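> Hey, dropping upload-v7.cif in here, mmCIF, C-alpha atoms:
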data_data
#
loop_
_atom_site.label_atom_id
_atom_site.label_comp_id
_atom_site.auth_asym_id
_atom_site.auth_seq_id
_atom_site.Cartn_x
_atom_site.Cartn_y
_atom_site.Cartn_z
CA MET A 303 93.67 -77.38 56.30
CA ALA A 304 96.83 -79.45 56.54
CA PRO A 305 99.79 -77.39 57.80
CA GLU A 306 102.01 -78.45 54.89
CA ILE A 307 99.55 -76.92 52.43
CA LEU A 308 99.52 -73.63 54.34
CA VAL A 309 103.31 -73.54 54.54
CA LEU A 310 103.65 -74.33 50.85
CA GLY A 311 101.19 -71.55 50.03
CA VAL A 312 103.23 -69.06 52.05
CA LEU A 313 106.42 -70.16 50.32
CA LEU A 314 104.75 -69.77 46.94
CA LEU A 315 103.71 -66.26 47.99
CA GLY A 316 107.32 -65.52 48.90
CA LEU A 317 108.47 -66.78 45.50
CA THR A 318 105.87 -64.55 43.84
CA LEU A 319 107.06 -61.48 45.74
CA TYR A 320 110.65 -62.26 44.80
CA ALA A 321 109.68 -62.52 41.13
CA LEU A 322 107.71 -59.25 41.19
CA LEU A 323 110.19 -57.20 43.21
CA GLY A 324 113.59 -58.82 42.80
CA GLY A 325 112.75 -59.71 39.20
CA ALA A 326 112.21 -56.08 38.32
CA ASP A 327 115.61 -55.26 39.82
CA PHE A 328 117.21 -57.96 37.68
CA GLY A 329 115.31 -56.56 34.70
CA ALA A 330 117.09 -53.24 35.03
CA GLY A 331 120.37 -55.02 34.32
CA VAL A 332 118.74 -57.05 31.57
CA TRP A 333 117.96 -53.80 29.79
CA GLU A 334 121.61 -52.82 30.10
CA CYS A 335 122.36 -56.00 28.13
CA ASN A 336 119.52 -55.36 25.68
CA THR A 337 120.92 -51.94 24.85
CA VAL A 338 124.43 -53.47 24.45
CA LEU A 339 125.58 -51.21 27.29
CA GLN A 340 124.82 -48.18 25.12
CA ALA A 341 122.13 -46.68 27.35
CA SER A 342 122.46 -42.98 28.00
CA GLU A 343 123.61 -41.71 31.38
CA LYS A 344 120.11 -40.34 31.84
CA GLU A 345 118.64 -43.83 31.47
CA ARG A 346 121.22 -45.33 33.80
CA ALA A 347 120.61 -42.64 36.38
CA LEU A 348 116.90 -43.50 36.39
CA ILE A 349 117.65 -47.23 36.72
CA TYR A 350 120.09 -46.83 39.59
CA ARG A 351 117.88 -44.33 41.37
CA ALA A 352 114.84 -46.60 41.01
CA ILE A 353 116.43 -49.77 42.40
CA GLY A 354 118.88 -48.18 44.83
CA PRO A 355 116.69 -47.96 47.96
CA VAL A 356 115.12 -51.42 47.71
CA TRP A 357 117.41 -53.82 45.85
CA GLU A 358 118.86 -55.42 49.00
CA ALA A 359 115.48 -55.73 50.72
CA ASN A 360 114.02 -57.65 47.78
CA HIS A 361 116.43 -60.58 48.30
CA VAL A 362 114.77 -61.21 51.66
CA TRP A 363 112.08 -63.16 49.78
CA PHE A 364 114.57 -65.50 48.13
CA VAL A 365 116.25 -66.25 51.45
CA PHE A 366 112.82 -66.77 53.02
CA VAL A 367 111.82 -69.33 50.37
CA LEU A 368 115.10 -71.27 50.67
CA VAL A 369 115.05 -71.38 54.47
CA GLY A 370 111.35 -72.28 54.49
CA LEU A 371 111.87 -75.10 51.98
CA HIS A 372 114.80 -76.44 54.00
CA THR A 373 112.81 -76.47 57.23
CA ALA A 374 109.37 -77.56 56.02
CA PHE A 375 110.31 -79.95 53.20
CA PRO A 376 113.86 -81.17 53.94
CA LEU A 377 113.75 -84.08 51.48
CA ALA A 378 112.79 -81.74 48.64
CA PHE A 379 115.48 -79.23 49.64
CA ALA A 380 118.12 -81.95 49.66
CA ALA A 381 116.97 -83.31 46.30
CA VAL A 382 116.98 -79.85 44.72
CA GLY A 383 120.45 -79.21 46.12
CA ARG A 384 121.79 -82.41 44.58
CA ALA A 385 120.02 -82.23 41.23
CA LEU A 386 120.27 -78.49 40.57
CA TRP A 387 123.50 -77.51 42.27
CA LEU A 388 125.02 -76.20 39.04
CA PRO A 389 122.29 -73.78 37.85
CA LEU A 390 121.67 -72.65 41.44
CA LEU A 391 125.38 -72.01 41.96
CA LEU A 392 125.53 -70.00 38.72
CA ALA A 393 122.44 -68.05 39.79
CA LEU A 394 124.09 -67.30 43.16
CA VAL A 395 127.22 -66.08 41.39
CA GLY A 396 125.00 -63.79 39.32
CA ILE A 397 123.24 -62.44 42.42
CA VAL A 398 126.52 -61.74 44.19
CA PHE A 399 128.25 -60.08 41.24
CA ARG A 400 125.13 -58.09 40.41
CA GLY A 401 125.32 -56.53 43.86
CA VAL A 402 129.06 -55.98 43.53
CA GLY A 403 128.62 -54.32 40.14
CA PHE A 404 125.79 -52.11 41.39
CA VAL A 405 127.66 -50.86 44.45
CA PHE A 406 131.06 -50.40 42.84
CA ARG A 407 129.63 -48.55 39.86
CA SER A 408 127.69 -46.25 42.17
CA TYR A 409 130.82 -45.32 44.11
CA THR A 410 133.19 -44.79 41.18
CA ALA A 411 131.60 -41.57 39.92
CA GLY A 412 134.06 -39.74 37.69
CA ALA A 413 136.17 -42.83 36.98
CA VAL A 414 134.82 -43.60 33.52
CA ARG A 415 136.75 -46.82 32.92
CA HIS A 416 135.88 -48.25 36.31
CA GLN A 417 132.24 -47.37 35.84
CA ALA A 418 132.24 -49.08 32.45
CA VAL A 419 133.75 -52.28 33.88
CA TRP A 420 131.32 -52.47 36.79
CA GLY A 421 128.44 -51.58 34.48
CA VAL A 422 129.29 -54.67 32.40
CA VAL A 423 129.44 -56.81 35.54
CA PHE A 424 126.07 -55.48 36.70
CA ALA A 425 124.43 -56.05 33.32
CA PHE A 426 125.65 -59.59 32.70
CA ALA A 427 125.20 -60.76 36.30
CA SER A 428 121.67 -59.33 36.37
CA THR A 429 120.85 -61.37 33.27
CA ALA A 430 122.58 -64.56 34.40
CA ALA A 431 120.78 -64.76 37.76
CA PRO A 432 117.19 -64.98 36.44
CA PHE A 433 118.37 -67.13 33.52
CA PHE A 434 119.69 -69.89 35.77
CA LEU A 435 116.90 -69.52 38.35
CA GLY A 436 114.40 -69.91 35.51
CA ALA A 437 116.29 -72.94 34.23
CA ALA A 438 116.14 -74.54 37.69
CA CYS A 439 112.39 -73.96 37.92
CA GLY A 440 111.89 -75.38 34.44
CA ALA A 441 113.93 -78.46 35.31
CA ILE A 442 111.64 -79.14 38.28
CA ALA A 443 108.48 -78.47 36.28
CA SER A 444 109.55 -80.76 33.43
CA GLY A 445 109.35 -83.87 35.61
CA HIS A 446 112.60 -85.18 34.17
CA LEU A 447 114.72 -84.99 37.32
CA ALA A 448 115.57 -88.47 38.58
CA VAL A 449 114.41 -87.88 42.17
CA THR A 450 112.97 -90.85 44.06
CA VAL A 451 110.09 -90.88 46.53
CA SER A 452 112.65 -90.93 49.36
CA GLY A 453 114.37 -87.78 48.04
CA GLU A 454 117.41 -89.54 46.58
CA TYR A 455 118.82 -88.26 43.28
CA THR A 456 119.99 -90.83 40.76
CA GLY A 457 120.59 -88.67 37.68
CA ASP A 458 123.57 -86.90 36.18
CA TYR A 459 124.81 -84.13 38.45
CA VAL A 460 126.01 -81.87 35.65
CA THR A 461 123.61 -82.07 32.73
CA ALA A 462 120.35 -83.63 33.95
CA TRP A 463 118.79 -80.21 34.59
CA LEU A 464 118.95 -79.42 30.87
CA SER A 465 115.72 -80.01 28.94
CA PRO A 466 113.68 -78.14 26.33
CA LEU A 467 111.40 -76.76 29.07
CA SER A 468 114.26 -75.67 31.34
CA ILE A 469 115.96 -73.79 28.50
CA PHE A 470 112.67 -72.15 27.58
CA THR A 471 111.91 -71.09 31.15
CA ALA A 472 115.43 -69.68 31.47
CA PHE A 473 114.82 -67.27 28.60
CA PHE A 474 111.23 -66.70 29.72
CA ALA A 475 112.40 -65.65 33.20
CA VAL A 476 114.80 -63.12 31.68
CA GLY A 477 111.95 -61.77 29.54
CA VAL A 478 109.64 -61.49 32.55
CA CYS A 479 112.27 -59.47 34.41
CA ALA A 480 112.72 -57.14 31.43
CA TYR A 481 108.95 -56.70 31.11
CA LEU A 482 108.46 -55.87 34.79
CA ALA A 483 111.41 -53.49 34.82
CA ALA A 484 110.15 -51.63 31.74
CA VAL A 485 106.68 -51.17 33.26
CA TYR A 486 108.03 -50.07 36.64
CA LEU A 487 110.57 -47.68 35.10
CA THR A 488 107.85 -46.08 32.99
CA ARG A 489 106.10 -45.06 36.20
CA GLU A 490 109.38 -43.95 37.78
CA ALA A 491 110.05 -41.69 34.80
CA ALA A 492 106.52 -40.29 35.02
CA GLN A 493 107.03 -39.51 38.68
CA ASP A 494 110.17 -37.60 37.71
CA ASN A 495 108.12 -35.75 35.07
CA ASP A 496 110.66 -36.74 32.41
CA LEU A 497 108.50 -37.13 29.31
CA SER A 498 111.34 -38.33 27.06
CA LEU A 499 112.14 -41.23 29.39
CA VAL A 500 108.42 -41.94 29.86
CA ALA A 501 108.04 -42.31 26.10
CA LEU A 502 111.16 -44.51 25.89
CA TRP A 503 110.21 -46.92 28.67
CA ARG A 504 106.53 -46.96 27.69
CA ARG A 505 107.51 -48.04 24.19
CA ARG A 506 109.81 -50.73 25.57
CA ALA A 507 107.14 -51.96 27.99
CA LEU A 508 104.53 -52.25 25.24
CA ALA A 509 106.88 -54.14 22.92
CA THR A 510 108.17 -56.45 25.65
CA GLY A 511 104.67 -57.11 27.01
CA ALA A 512 103.38 -58.11 23.59
CA TRP A 513 106.38 -60.35 23.01
CA MET A 514 106.01 -62.00 26.42
CA GLY A 515 102.36 -62.74 25.68
CA ILE A 516 103.43 -64.66 22.59
CA LEU A 517 106.11 -66.50 24.56
CA ALA A 518 103.60 -67.40 27.28
CA MET A 519 101.35 -69.07 24.73
CA ALA A 520 104.37 -70.87 23.28
CA GLY A 521 105.23 -71.94 26.82
CA LEU A 522 101.91 -73.75 27.17
CA ALA A 523 102.69 -75.67 23.98
CA MET A 524 106.14 -76.47 25.41
CA VAL A 525 104.57 -77.77 28.63
CA ALA A 526 102.16 -79.94 26.63
CA SER A 527 105.02 -81.55 24.70
CA ASP A 528 107.76 -81.75 27.34
CA ALA A 529 105.91 -82.04 30.68
CA PRO A 530 102.77 -84.17 30.28
CA LEU A 531 102.13 -84.39 34.04
CA LEU A 532 102.23 -80.61 34.40
CA TRP A 533 100.05 -80.20 31.33
CA ALA A 534 97.44 -82.51 32.85
CA GLY A 535 97.44 -80.32 35.95
CA PHE A 536 96.87 -77.22 33.86
CA ARG A 537 93.97 -78.83 32.03
CA GLU A 538 92.33 -80.19 35.18
CA ARG A 539 92.97 -77.50 37.83
CA ALA A 540 95.06 -74.52 36.80
CA TRP A 541 93.33 -73.34 33.62
CA PRO A 542 91.52 -70.44 35.39
CA LEU A 543 94.91 -69.00 36.32
CA VAL A 544 95.91 -69.05 32.65
CA GLY A 545 92.90 -66.82 32.00
CA VAL A 546 93.89 -64.53 34.90
CA SER A 547 97.39 -64.18 33.46
CA ILE A 548 96.05 -63.34 29.99
CA ALA A 549 93.65 -60.78 31.46
CA GLY A 550 96.42 -59.21 33.56
CA GLY A 551 98.78 -58.97 30.59
CA LEU A 552 96.17 -57.43 28.31
CA GLY A 553 95.12 -55.06 31.09
CA SER A 554 98.72 -53.95 31.53
CA LEU A 555 99.12 -53.22 27.82
CA TRP A 556 95.82 -51.31 27.78
CA ALA A 557 96.88 -49.25 30.80
CA LEU A 558 100.19 -48.41 29.14
CA GLN A 559 98.33 -47.26 26.04
CA GLN A 560 96.17 -45.04 28.26
CA TRP A 561 99.19 -43.67 30.17
CA ARG A 562 97.90 -45.18 33.43
CA PHE A 563 101.14 -46.50 34.78
CA THR A 564 100.14 -47.63 38.28
CA SER A 565 97.37 -49.68 36.69
CA ALA A 566 99.93 -51.07 34.25
CA ILE A 567 102.07 -52.24 37.16
CA LEU A 568 99.08 -53.96 38.77
CA GLY A 569 98.23 -55.69 35.50
CA ALA A 570 101.79 -56.83 34.89
CA GLY A 571 102.10 -58.09 38.45
CA THR A 572 98.85 -60.02 38.13
CA ALA A 573 100.01 -61.64 34.89
CA VAL A 574 103.33 -62.79 36.36
CA ALA A 575 101.84 -63.90 39.68
CA ALA A 576 99.21 -65.99 37.87
CA VAL A 577 101.96 -67.80 35.95
CA ILE A 578 103.73 -68.75 39.19
CA TRP A 579 100.56 -69.82 40.98
CA GLY A 580 99.38 -71.66 37.88
CA TRP A 581 102.58 -73.69 37.98
CA GLY A 582 102.07 -74.45 41.67
CA VAL A 583 98.44 -75.47 41.31
CA ALA A 584 99.12 -77.56 38.19
CA GLN A 585 102.01 -79.39 39.84
CA TYR A 586 100.19 -80.07 43.13
CA PRO A 587 100.58 -82.39 45.05
CA MET A 588 104.04 -83.00 43.58
CA LEU A 589 107.01 -81.01 44.84
CA ILE A 590 109.49 -82.59 42.46
CA PRO A 591 107.64 -84.64 39.85
CA PRO A 592 107.21 -87.36 38.99
CA ALA A 593 107.88 -89.08 42.35
CA LEU A 594 108.39 -86.75 45.31
CA THR A 595 105.10 -85.50 46.74
CA MET A 596 104.44 -82.78 49.26
CA THR A 597 103.34 -85.33 51.85
CA ALA A 598 106.44 -87.50 51.41
CA ALA A 599 108.82 -84.55 51.63
CA LYS A 600 107.31 -82.67 54.56
CA GLY A 601 108.83 -82.38 58.02
CA PRO A 602 107.01 -83.22 61.26
CA ASP A 603 103.63 -81.52 61.71
CA ALA A 604 104.83 -79.95 64.97
CA VAL A 605 107.63 -78.21 63.08
CA LEU A 606 105.24 -77.01 60.39
CA ARG A 607 102.87 -75.53 62.97
CA VAL A 608 105.70 -73.68 64.68
CA MET A 609 106.79 -72.40 61.27
CA LEU A 610 103.33 -71.03 60.58
CA TRP A 611 103.31 -69.13 63.88
CA GLY A 612 106.81 -67.87 63.15
CA MET A 613 105.75 -66.71 59.69
CA LEU A 614 102.78 -64.88 61.19
CA ALA A 615 104.98 -63.15 63.76
CA GLY A 616 107.52 -62.27 61.08
CA THR A 617 104.79 -60.80 58.89
CA VAL A 618 103.64 -58.55 61.72
CA LEU A 619 107.18 -57.25 62.14
CA LEU A 620 108.35 -57.17 58.53
CA LEU A 621 105.34 -56.11 56.49
CA PRO A 622 104.85 -52.63 58.01
CA SER A 623 108.55 -51.89 57.53
CA LEU A 624 108.47 -52.92 53.86
CA ILE A 625 105.28 -50.96 53.24
CA TYR A 626 106.86 -47.87 54.78
CA LEU A 627 110.03 -48.39 52.74
CA PHE A 628 108.08 -48.49 49.47
CA MET A 629 105.84 -45.58 50.48
CA LEU A 630 108.91 -43.53 51.30
CA PHE A 631 110.83 -44.22 48.10
CA LYS A 632 108.13 -45.21 45.61
CA GLY A 633 105.18 -43.01 46.57
CA LYS A 634 103.90 -40.23 44.40
CA ARG A 635 106.22 -37.24 44.43
CA PRO A 636 104.72 -33.78 44.79
CA GLU A 637 106.59 -32.52 41.73
CA ALA A 638 105.26 -35.28 39.45
CA GLY A 639 103.37 -33.76 36.59
CA ALA A 640 102.49 -36.77 34.43
CA ASP A 641 99.47 -38.96 35.05
CA THR A 642 100.66 -42.04 36.96
CA ALA A 643 97.26 -43.33 38.01
#
So that I can check it, write out the structure of this file as structure tokens.


Amino acid sequence: MAPEILVLGVLLLGLTLYALLGGADFGAGVWECNTVLQASEKERALIYRAIGPVWEANHVWFVFVLVGLHTAFPLAFAAVGRALWLPLLLALVGIVFRGVGFVFRSYTAGAVRHQAVWGVVFAFASTAAPFFLGAACGAIASGHLAVTVSGEYTGDYVTAWLSPLSIFTAFFAVGVCAYLAAVYLTREAAQDNDLSLVALWRRRALATGAWMGILAMAGLAMVASDAPLLWAGFRERAWPLVGVSIAGGLGSLWALQQWRFTSAILGAGTAVAAVIWGWGVAQYPMLIPPALTMTAAKGPDAVLRVMLWGMLAGTVLLLPSLIYLFMLFKGKRPEAGADTA
């Protein structure tokens, strides 16, 4: 298999992990916005306890994808930087201020006004980051960016990223984060044996999951109308992944109904991952449609091969550490009394 295909697959895996792990962290702040910052201290304590040990580690995947894109597909990285500098900058501001809000709120215990201010920063920044990242992805998927086969950008630097599909994917990304967070927090509450919070987050997860299923179907209609090249890819190659996403979403809702929260997480993760991989498969071989292909944008094969070996070595070093981190902080607690299977 060509090295550029392998590298692109690894980068897509990194993007998936960022969506599933970092997205859930963003979703915690999205729920702060959804509740108009009126969540109880008990809810906030669960949120901050759940994301506290892992929120910094989850950004490793985003950095990995950016560095990998820069090294393996420099023309695409340059084109994305020129065409999408504004939404990416706004997303970066959201990521930075989300971290600032999280840390400062955690260390201002007892200072009610300060906690309120940093809680607002955390909530709005957590919502802004996935919104603008989703908009950037939608702008690429739409095929409307004026990127040439040589990686040059000839469009408007301020507004060209705006399209019906990019606006839809911005809101869809926020919804995905809220959905993942609700499912994950249901299990966290069950592990704490807090039945009132289990009921609260289970209800939110069911409602959000059903709503996201409707939005996903609407998204396919949006792709058909606003991104004909991507729609052709879905019809020809990526349609099985649409079925996988539907099955994962329905399985997650069924598991929530049955109070099987680990299974609900697996179903939700499958649904979201299938959306991301469906996009990748449908858009292949384009990196930035309609002109810039994977082959045109790739770096030298020697560089790509070295990258693959480096990724393998990094996996050997990083993966056991991450697994241990999640086992340590997310494993089943001996005092858990609710069924989290």

> Could you list, as an NGL selection string, every residue matched by the PyMOL selection byres ((chain A and resi 454) around 12) in this structure?

:A and (376-385 or 447-453 or 455-457 or 590 or 593-594 or 599)

> Take the residues that were just selected and, keeping C-alpha atoms, output them as an mmCIF file, in the frame of the given file.


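So selection_21.cif came out as:
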data_model
loop_
_atom_site.group_PDB
_atom_site.id
_atom_site.type_symbol
_atom_site.label_atom_id
_atom_site.label_comp_id
_atom_site.auth_asym_id
_atom_site.auth_seq_id
_atom_site.Cartn_x
_atom_site.Cartn_y
_atom_site.Cartn_z
ATOM 1 C CA PRO A 376 113.860 -81.170 53.940
ATOM 2 C CA LEU A 377 113.750 -84.080 51.480
ATOM 3 C CA ALA A 378 112.790 -81.740 48.640
ATOM 4 C CA PHE A 379 115.480 -79.230 49.640
ATOM 5 C CA ALA A 380 118.120 -81.950 49.660
ATOM 6 C CA ALA A 381 116.970 -83.310 46.300
ATOM 7 C CA VAL A 382 116.980 -79.850 44.720
ATOM 8 C CA GLY A 383 120.450 -79.210 46.120
ATOM 9 C CA ARG A 384 121.790 -82.410 44.580
ATOM 10 C CA ALA A 385 120.020 -82.230 41.230
ATOM 11 C CA LEU A 447 114.720 -84.990 37.320
ATOM 12 C CA ALA A 448 115.570 -88.470 38.580
ATOM 13 C CA VAL A 449 114.410 -87.880 42.170
ATOM 14 C CA THR A 450 112.970 -90.850 44.060
ATOM 15 C CA VAL A 451 110.090 -90.880 46.530
ATOM 16 C CA SER A 452 112.650 -90.930 49.360
ATOM 17 C CA GLY A 453 114.370 -87.780 48.040
ATOM 18 C CA TYR A 455 118.820 -88.260 43.280
ATOM 19 C CA THR A 456 119.990 -90.830 40.760
ATOM 20 C CA GLY A 457 120.590 -88.670 37.680
ATOM 21 C CA ILE A 590 109.490 -82.590 42.460
ATOM 22 C CA ALA A 593 107.880 -89.080 42.350
ATOM 23 C CA LEU A 594 108.390 -86.750 45.310
ATOM 24 C CA ALA A 599 108.820 -84.550 51.630
#

> Using only C-alpha atoms, which residues sit within 8 Å of Met596 (chain A) once same-chain residues fewer than 3 positions away are excluded, as a PyMOL selection string?

chain A and resi 306+375+586-589+599-600

> Determine, counting all atoms listed in the file, which protein, DNA and RNA residues have an atom within 8 Å of an atom of region 320-336 of chain A; residues of the same chain fewer than 3 positions away are not included. Present the result as a PyMOL selection string.

chain A and resi 316-317+339-341+349+353+357+360-361+363-364+424-429+431-432+476+478-484+486+571+574-575

> To one decimal place in Å, what is the distance between CA of Gln417 (chain A) and CA of Gly401 (chain A)?

14.0 Å

> I'd like the neighbourhood of Ser444 (chain A) as a list of chain:residue names, where a residue qualifies if any of its atoms comes within 8 Å (using all atoms listed in the file), though same-chain residues fewer than 6 positions away should be ignored.

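So the residues in contact are A:Ser465, A:Leu467, A:Ser468, A:Val525, A:Asp528, A:Ala529, A:Leu532, A:Pro591.
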
> Fewer than 3 positions away in the same chain doesn't count, so skip those; otherwise give me all residues within 8 Å of Leu392 (chain A), counting only C-alpha atoms, as a list in words.

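Here the qualifying residues turn out to be Leu388, Pro389, Val395, Gly396, Ala430, Ala431 and Phe434 of chain A.
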
> Using the chain letters and residue numbers of this document, give as a list in words the residues selected by the PyMOL selection byres ((chain A and resi 344) around 12).

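What the PyMOL selection byres ((chain A and resi 344) around 12) grabs from the file is Gln340, Ala341, Ser342, Glu343, Glu345, Arg346, Ala347, Leu348, Ile349, Tyr350, Arg351, Ala491, Asp494, Asp496, Ser498, Leu499, Val500 and Leu502 of chain A.
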
> Which residues fall under the PyMOL selection byres ((chain A and resi 312) around 12) in this file, as JSON, numbers by chain?

{"A": [305, 306, 307, 308, 309, 310, 311, 313, 314, 315, 316, 317, 318, 319, 363, 366, 367, 370, 371, 374, 579, 582, 606, 609, 610, 611, 612, 613, 614, 617]}

> Counting all atoms listed in the file, what is within 12 Å of Trp561 (chain A), bar same-chain residues fewer than 6 positions away, as a PyMOL selection string?

chain A and resi 485+488-489+491-492+497+500-501+503-505+507-508+554-555+567+640-643

> To one decimal place in Å, what is the distance between CA of Gln560 (chain A) and CA of Val546 (chain A)?

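CA of Val546 (chain A) lies at a distance of 20.7 Å from CA of Gln560 (chain A).
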
> Go through A:Arg506, A:Arg415, A:Arg400, A:Arg539 and flag the residue nearest Thr337 (chain A), using all atoms listed in the file for the distances.

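Closest candidate: A:Arg506.
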